[in-house]
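One file, final-v4.txt, is given below (compact mmCIF, C-alpha atoms).
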# COMPACT_ATOMS: atom_id res chain seq x y z
CA MET A 67 132.13 130.50 80.42
CA PRO A 68 132.10 134.17 81.43
CA ARG A 69 128.68 135.50 82.28
CA GLN A 70 127.19 137.67 79.58
CA GLU A 71 126.35 141.14 80.87
CA ARG A 72 122.93 141.09 79.23
CA PRO A 73 121.60 137.73 78.03
CA GLY A 74 119.38 137.35 75.03
CA SER A 75 119.48 138.11 71.32
CA ASP A 76 119.59 141.44 69.51
CA GLY A 77 116.10 140.69 68.24
CA GLU A 78 114.57 140.28 71.68
CA HIS A 79 116.33 143.41 72.91
CA LEU A 80 114.86 145.37 69.99
CA VAL A 81 111.36 144.08 70.71
CA GLN A 82 111.74 144.86 74.42
CA GLN A 83 112.70 148.43 73.57
CA ARG A 84 109.77 148.86 71.20
CA LEU A 85 107.20 147.43 73.64
CA GLY A 86 108.61 149.09 76.72
CA THR A 87 109.57 145.89 78.58
CA THR A 88 113.33 146.44 78.86
CA LYS A 89 113.32 147.10 82.59
CA ARG A 90 111.17 144.07 83.31
CA ALA A 91 113.38 141.92 81.09
CA ASP A 92 116.50 143.18 82.86
CA ARG A 93 115.00 142.19 86.21
CA PHE A 94 114.31 138.72 84.87
CA TYR A 95 117.81 138.42 83.37
CA GLY A 96 119.36 139.57 86.63
CA ASP A 97 117.24 137.44 88.96
CA GLN A 98 116.66 134.24 87.02
CA VAL A 99 119.06 133.58 84.12
CA LEU A 100 122.08 131.49 85.13
CA ASP A 101 124.96 130.05 83.13
CA HIS A 102 124.81 126.79 85.09
CA LEU A 103 122.39 124.45 86.86
CA ASN A 104 122.18 125.33 90.54
CA VAL A 105 121.33 122.78 93.21
CA ARG A 106 117.56 123.12 92.92
CA MET A 107 117.72 122.94 89.13
CA GLN A 108 119.79 119.76 89.31
CA GLU A 109 117.27 118.18 91.66
CA PHE A 110 114.45 119.22 89.33
CA VAL A 111 116.18 117.70 86.27
CA ALA A 112 116.88 114.43 88.08
CA ARG A 113 113.19 113.65 88.63
CA GLN A 114 111.81 114.64 85.22
CA GLU A 115 110.28 112.04 82.91
CA MET A 116 110.06 114.13 79.75
CA PHE A 117 111.21 117.27 78.00
CA PHE A 118 110.71 119.21 74.78
CA LEU A 119 113.72 119.66 72.50
CA SER A 120 114.39 122.27 69.82
CA THR A 121 117.19 122.12 67.26
CA ALA A 122 117.97 123.72 63.91
CA ASP A 123 120.19 122.79 61.00
CA ARG A 124 122.89 125.03 59.53
CA HIS A 125 120.28 126.82 57.37
CA GLY A 126 118.12 127.73 60.37
CA GLU A 127 115.42 125.15 59.52
CA CYS A 128 113.93 124.23 62.92
CA ASP A 129 112.67 121.03 64.49
CA ALA A 130 110.78 120.61 67.77
CA THR A 131 110.36 117.20 69.35
CA PHE A 132 109.67 115.34 72.59
CA ARG A 133 111.81 113.05 74.70
CA ALA A 134 110.68 110.81 77.56
CA GLY A 135 112.01 108.14 79.89
CA PRO A 136 111.97 107.06 83.51
CA PRO A 137 112.93 109.59 86.21
CA GLY A 138 116.68 110.16 85.89
CA PHE A 139 116.90 109.43 82.17
CA VAL A 140 118.41 112.92 81.91
CA GLN A 141 121.66 112.79 83.86
CA VAL A 142 123.35 115.81 85.43
CA LEU A 143 127.11 115.24 85.25
CA ASP A 144 127.98 118.57 86.87
CA ALA A 145 126.60 122.09 87.20
CA ARG A 146 127.38 122.87 83.56
CA THR A 147 126.83 119.52 81.86
CA LEU A 148 123.85 117.24 81.38
CA VAL A 149 123.35 114.24 79.10
CA TYR A 150 120.33 112.43 77.73
CA PRO A 151 119.97 109.17 75.76
CA GLU A 152 118.71 108.81 72.21
CA TYR A 153 116.49 105.74 72.06
CA ARG A 154 115.43 103.75 68.99
CA GLY A 155 112.91 105.76 66.97
CA ASN A 156 111.61 106.10 63.43
CA GLY A 157 115.12 106.22 61.96
CA VAL A 158 114.84 109.81 60.72
CA MET A 159 117.37 111.12 63.30
CA ALA A 160 116.20 114.72 62.78
CA SER A 161 117.53 116.11 66.07
CA VAL A 162 120.88 114.34 65.93
CA GLY A 163 121.22 115.34 62.30
CA ASN A 164 120.60 118.97 63.17
CA ILE A 165 123.13 118.83 66.02
CA SER A 166 125.70 117.43 63.58
CA GLU A 167 125.38 120.68 61.59
CA ASN A 168 124.52 123.16 64.34
CA PRO A 169 125.38 122.35 67.97
CA ARG A 170 122.93 124.86 69.47
CA LEU A 171 119.83 123.45 71.14
CA GLY A 172 117.09 124.40 73.56
CA ILE A 173 115.43 122.17 76.17
CA LEU A 174 112.21 122.85 78.06
CA MET A 175 111.33 120.63 81.01
CA VAL A 176 107.83 121.06 82.42
CA ASP A 177 106.55 119.44 85.61
CA PHE A 178 102.79 119.25 85.03
CA THR A 179 101.94 117.06 88.02
CA ARG A 180 103.94 118.05 91.09
CA ASP A 181 105.48 121.52 91.09
CA ARG A 182 103.72 122.89 87.98
CA ILE A 183 106.83 124.77 86.93
CA GLY A 184 109.26 124.66 84.02
CA LEU A 185 112.99 124.93 83.39
CA HIS A 186 114.65 126.19 80.19
CA VAL A 187 118.17 124.97 79.34
CA ASN A 188 119.99 126.38 76.32
CA GLY A 189 123.46 125.36 75.27
CA ARG A 190 125.80 123.52 72.92
CA ALA A 191 125.54 119.81 72.22
CA ARG A 192 127.66 116.98 70.91
CA VAL A 193 126.70 113.39 70.13
CA VAL A 194 128.50 110.44 71.72
CA MET A 195 128.10 106.73 70.96
CA ASP A 196 126.72 104.69 73.87
CA GLU A 197 129.85 102.60 74.34
CA ASP A 198 132.07 105.69 74.38
CA MET A 199 129.82 107.45 76.89
CA ARG A 200 129.83 104.45 79.22
CA ARG A 201 133.60 104.21 79.11
CA GLN A 202 133.77 107.82 80.27
CA HIS A 203 130.90 107.50 82.76
CA PRO A 204 130.52 103.85 83.83
CA GLY A 205 127.90 104.78 86.44
CA LEU A 206 125.24 105.65 83.87
CA PRO A 207 122.07 103.57 84.39
CA VAL A 208 121.25 100.63 82.14
CA ASP A 209 117.52 100.38 81.53
CA PRO A 210 116.16 96.80 81.31
CA VAL A 211 113.39 97.78 78.88
CA PRO A 212 114.59 97.01 75.30
CA GLY A 213 113.04 100.17 73.88
CA ARG A 214 114.95 102.30 76.37
CA ARG A 215 118.46 101.13 75.58
CA ALA A 216 120.44 104.11 74.37
CA GLN A 217 122.07 104.02 70.97
CA LEU A 218 123.58 107.46 71.35
CA TRP A 219 123.90 110.11 74.05
CA VAL A 220 123.69 113.87 73.66
CA THR A 221 125.94 115.89 75.93
CA VAL A 222 124.77 119.43 76.60
CA GLU A 223 127.10 122.21 77.73
CA VAL A 224 124.79 124.54 79.65
CA GLU A 225 124.98 128.21 78.68
CA GLU A 226 121.63 129.45 79.97
CA ALA A 227 119.24 128.02 82.57
CA TYR A 228 116.11 129.82 83.72
CA ILE A 229 112.59 129.32 85.02
CA HIS A 230 109.38 128.95 83.02
CA CYS A 231 106.72 130.17 85.43
CA ALA A 232 103.51 128.33 86.25
CA LYS A 233 101.16 130.99 84.91
CA HIS A 234 100.00 129.01 81.86
CA ILE A 235 101.04 125.47 82.86
CA PRO A 236 98.01 123.20 83.39
CA HIS A 237 97.90 120.99 86.46
CA LEU A 238 97.69 117.37 85.27
CA GLN A 239 97.33 114.06 87.07
CA LYS A 240 98.92 110.76 86.16
CA VAL A 241 96.59 107.96 85.10
CA PRO A 242 97.08 104.81 87.22
CA ALA A 243 99.07 102.10 85.45
CA GLN A 244 96.17 99.65 85.42
CA GLN A 245 94.07 102.17 83.49
CA ARG A 246 96.60 103.21 80.88
CA GLY A 247 97.80 99.70 80.03
CA ALA A 248 101.29 98.60 78.98
CA ARG A 249 103.51 101.18 77.32
CA ALA A 250 104.81 100.22 73.89
CA TRP A 251 108.46 101.16 74.45
CA GLY A 252 110.53 100.34 71.38
CA THR A 253 107.74 98.68 69.46
CA ASP A 254 107.81 98.56 65.66
CA ASP A 255 104.09 97.75 65.51
CA ALA A 256 102.63 100.57 63.43
CA LYS A 257 99.25 100.49 65.18
CA ARG A 258 100.76 100.59 68.68
CA LYS A 259 102.87 103.57 67.63
CA GLY A 260 99.81 105.47 66.45
CA GLY A 261 99.35 104.13 62.96
CA ASP A 262 98.30 106.65 60.33
CA PHE A 263 96.55 108.81 62.94
CA PHE A 264 96.59 111.98 60.82
CA GLY A 265 95.89 110.24 57.52
CA ALA A 266 99.18 111.35 55.96
CA ALA A 267 100.02 107.92 54.52
CA ALA A 268 96.59 107.70 52.90
CA GLU A 269 97.38 110.87 50.96
CA ALA A 270 100.88 109.76 49.91
CA ASP A 271 99.93 108.95 46.30
CA GLN A 272 98.23 112.32 45.87
CA ARG A 273 101.07 114.50 47.09
CA PRO A 274 103.75 116.09 44.89
CA PRO A 275 107.38 115.34 45.81
CA PHE A 276 108.36 117.05 49.05
CA ARG A 277 110.74 119.97 48.63
CA ARG A 278 112.01 122.41 51.18
CA SER A 279 111.49 126.04 50.32
CA GLU A 280 114.24 127.50 48.20
CA ARG A 281 113.93 130.68 50.24
CA ARG A 282 115.69 129.26 53.27
CA ASN A 283 116.79 131.65 55.97
CA GLU A 284 114.46 134.37 54.73
CA HIS A 285 113.78 135.19 58.38
CA LEU A 286 117.51 135.31 59.12
CA ARG A 287 118.75 136.95 55.94
CA GLY A 288 116.11 139.61 55.49
CA GLY A 289 118.41 142.27 56.91
CA LEU A 290 121.36 141.40 54.69
CA HIS A 291 121.98 142.21 51.06
CA GLU A 292 120.28 139.71 48.76
CA ASP A 293 123.55 138.92 46.95
CA THR A 294 125.24 137.73 50.15
CA ASP A 295 126.82 134.32 49.59
CA ASP A 296 125.83 131.35 51.73
CA ALA A 297 129.43 131.10 52.91
CA VAL A 298 128.76 134.02 55.22
CA TYR A 299 126.39 131.80 57.16
CA GLN A 300 128.97 129.07 57.68
CA GLU A 301 131.58 131.03 59.60
CA ALA A 302 130.42 130.13 63.08
CA SER A 303 131.79 127.21 65.08
CA PRO A 304 131.53 123.66 63.72
CA VAL A 305 130.26 120.66 65.60
CA HIS A 306 132.36 119.06 68.32
CA GLY A 307 133.93 116.13 66.55
CA GLY A 308 133.05 114.70 63.16
CA GLY A 309 132.95 110.91 62.99
CA PRO A 310 130.05 109.17 61.23
CA VAL A 311 126.95 107.75 62.94
CA HIS A 312 126.05 104.71 60.86
CA GLY A 313 126.80 106.74 57.77
CA GLY A 314 124.95 109.78 59.08
CA GLY A 315 126.02 113.09 60.58
CA PRO A 316 129.24 113.69 62.50
CA VAL A 317 129.53 112.91 66.17
CA HIS A 318 132.12 113.23 68.89
CA GLY A 319 135.33 111.47 68.02
CA SER A 320 136.86 112.97 64.88
CA GLY A 321 137.82 116.34 63.49
CA PRO A 322 135.56 119.27 62.63
CA VAL A 323 133.40 119.24 59.55
CA PRO A 324 134.42 122.04 57.19
CA GLY A 325 131.64 124.46 56.41
CA SER A 326 129.17 122.87 58.82
CA GLY A 327 128.90 125.71 61.29
CA THR A 328 125.98 127.52 62.81
CA PRO A 329 124.32 130.21 60.69
CA ALA A 330 126.17 133.38 61.62
CA ALA A 331 123.00 135.42 61.69
CA ALA A 332 121.29 132.90 63.95
CA SER A 333 123.98 132.28 66.56
CA ARG A 334 124.65 134.41 69.61
CA VAL A 335 128.21 135.41 68.97
CA GLY A 336 129.68 137.99 71.27
CA PRO A 337 132.47 138.51 73.79
CA ALA A 338 130.76 136.27 76.34
CA TYR A 339 130.71 133.18 74.12
CA PRO A 340 133.79 131.04 73.48
CA ASP A 341 133.09 130.75 69.76
CA ALA A 342 132.95 134.49 69.17
CA SER A 343 136.29 134.47 67.36
CA ARG A 344 134.96 132.03 64.75
CA GLY A 345 132.21 134.26 63.43
CA PRO A 346 131.27 137.93 63.28
CA GLY A 347 131.08 139.61 66.67
CA ARG A 348 128.01 141.17 68.20
CA ASP A 349 128.90 144.67 66.97
CA ASP A 350 129.58 143.38 63.46
CA PHE A 351 126.27 141.55 63.47
CA VAL A 352 124.32 144.64 64.50
CA GLU A 353 126.01 146.71 61.81
CA GLU A 354 124.94 144.18 59.18
CA LEU A 355 121.28 144.74 59.97
CA ASN A 356 120.48 147.34 57.36
CA ALA A 357 117.70 149.91 57.35
CA GLU A 358 115.39 147.75 55.23
CA PHE A 359 115.35 144.99 57.83
CA LEU A 360 114.87 147.39 60.75
CA ASP A 361 112.06 149.15 58.92
CA ARG A 362 110.32 145.83 58.41
CA VAL A 363 110.63 145.00 62.10
CA GLU A 364 109.35 148.43 63.07
CA ARG A 365 106.29 148.03 60.83
CA VAL A 366 105.43 144.77 62.55
CA LEU A 367 106.00 146.12 66.02
CA ALA A 368 104.06 149.31 65.28
CA ARG A 369 100.90 147.21 65.31
CA ALA A 370 101.66 145.98 68.83
CA GLN A 371 100.71 147.93 71.93
CA PRO A 372 103.13 148.26 74.84
CA ARG A 373 102.00 146.56 78.01
CA ARG A 374 100.92 148.72 80.85
CA PRO A 375 103.21 148.75 83.90
CA THR A 376 102.30 145.95 86.28
CA GLU A 377 103.56 144.83 89.61
CA ASP A 378 105.53 141.60 89.47
CA GLY A 379 103.86 139.06 91.70
CA PRO A 380 106.08 137.26 94.20
CA GLU A 381 104.44 133.85 93.72
CA PHE A 382 107.20 132.31 91.65
CA ARG A 383 110.24 134.04 93.08
CA GLY A 384 112.77 131.78 94.73
CA TRP A 385 111.97 128.59 92.79
CA PHE A 386 115.48 128.40 91.45
CA ASP A 387 117.36 130.80 93.70
CA ARG A 388 120.46 131.86 91.77
CA ARG A 389 122.46 132.15 94.97
CA ASP A 390 122.39 128.45 95.84
CA GLY A 391 124.32 127.33 92.76
Encoded form using structure tokens:
Amino acid sequence: MPRQERPGSDGEHLVQQRLGTTKRADRFYGDQVLDHLNVRMQEFVARQEMFFLSTADRHGECDATFRAGPPGFVQVLDARTLVYPEYRGNGVMASVGNISENPRLGILMVDFTRDRIGLHVNGRARVVMDEDMRRQHPGLPVDPVPGRRAQLWVTVEVEEAYIHCAKHIPHLQKVPAQQRGARAWGTDDAKRKGGDFFGAAAEADQRPPFRRSERRNEHLRGGLHEDTDDAVYQEASPVHGGGPVHGGGPVHGSGPVPGSGTPAAASRVGPAYPDASRGPGRDDFVEELNAEFLDRVERVLARAQPRRPTEDGPEFRGWFDRRDG
């Protein structure tokens, strides 16, 4: 993938301009944002035991979740590809379902115990059945713990990789195994999984039927004319493949799913991205942001104060040196 001249979204560029951080952001983009995993990043990924995952469906409805496993459960196939397993869970399949509609995802890995540093990975994903993944990559590990046997794998095509500095990352210590007891991997015992910790089940009979807001994409569509048809938001690229997962969303193996693309207003479509031809380009997107939307943004930002110029400390420079990739 060709390197984008200036990473980031139009929204973040607008905020940078308003708050006077454009030069600092450009230094960060230039020094830290890669379109691949360099050697130190690959080593970092290989020893992680957890990460945070963000996905969104085709309407822009977001989901944030957590994934964990033994060191190496996230596999680096090459500098631009990593894969992670989907273990047995509560059956909701929220993340995989989102990926079936919108292949964009974000991953944040944080090392709280050793290096106290983080790594962001953004890219495009596709879902692969376990047997298909192992035929392609027979060297993938097989975990003996029943709860850690992959049903599916998610393959991530890396588009952005960059550091999350240690400034606000707490330094944690692992509790010895004899103190924390056995881990309930794969259990279906409700109490061992946490039970009704937040009391939600106890309120089930008192709640009205759950309905998503009918004003979906208000944050994405605020700058467009109210009579814009939803079809406009389905012009971006569809998911890789389209076969069913136990009757669920499409996965790698079949054709594209018509109309199941990324929201055009939410995706980064521009000359540097391979799917730019499938949706409006960057210039077209900017032109669609009308004065009403920009005025609203300006009113919000007017209440913010620009940061004073500060010297960038050298403490975290060189963690993931872009030149060693």
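Take the candidates A:Val220, A:Val81, A:Val105, A:Val140 and check each one against Arg365 in chain A using only C-alpha atoms; the shortest distance goes to A:Val81.
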Test item: axis-aligned box, all listed atoms of range 154-157 of chain A, 6 Å on each side, centre and edges in Å rounded to one decimal, as JSON:
{"center_x": 113.5, "center_y": 105.0, "center_z": 65.5, "size_x": 15.8, "size_y": 14.5, "size_z": 19.0}
(request) For each of A:Arg190, A:Arg146, A:Arg182, A:His102, take the minimum atom-to-atom distance to Thr121 in chain A, counting all atoms listed in the file, then give the residue where this is smallest. (result)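 Nearest candidate to Thr121 in chain A out of A:Arg190, A:Arg146, A:Arg182, A:His102: A:Arg190.
CA of Ile235 in chain A to CA of Trp219 in chain A spans 28.9 Å [interatomic distance, one decimal].
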(request) May I have the residues within 10 Å of Ser161 in chain A as a ChimeraX atom specification, using all atoms listed in the file and disregarding those fewer than 2 positions away in the same chain? (result) /A:119-123,128-131,152,158-159,163-166,171
(request) Tell me, in Å to one decimal, how far CA of Ala216 in chain A is from CA of Gln239 in chain A. (result)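 These atoms are spaced 28.2 Å apart.
When CA of Glu223 in chain A is paired with CA of Val111 in chain A, their separation reads 14.6 Å.
Among A:Thr147, A:Gln217, A:Thr179, A:Gln114, the residue with the shortest atom-to-atom distance to Arg133 in chain A, counting only C-alpha atoms, is A:Gln114.
Nearest to Pro236 in chain A of all the residues A:Val176, A:Val193, A:Leu218, A:Leu103 is A:Val176, counting all atoms listed in the file.
Residue nearest Gly205 in chain A within the list A:Asn188, A:Thr87, A:Val142, A:Glu167: A:Val142 [criterion: smallest interatomic distance, only C-alpha atoms].
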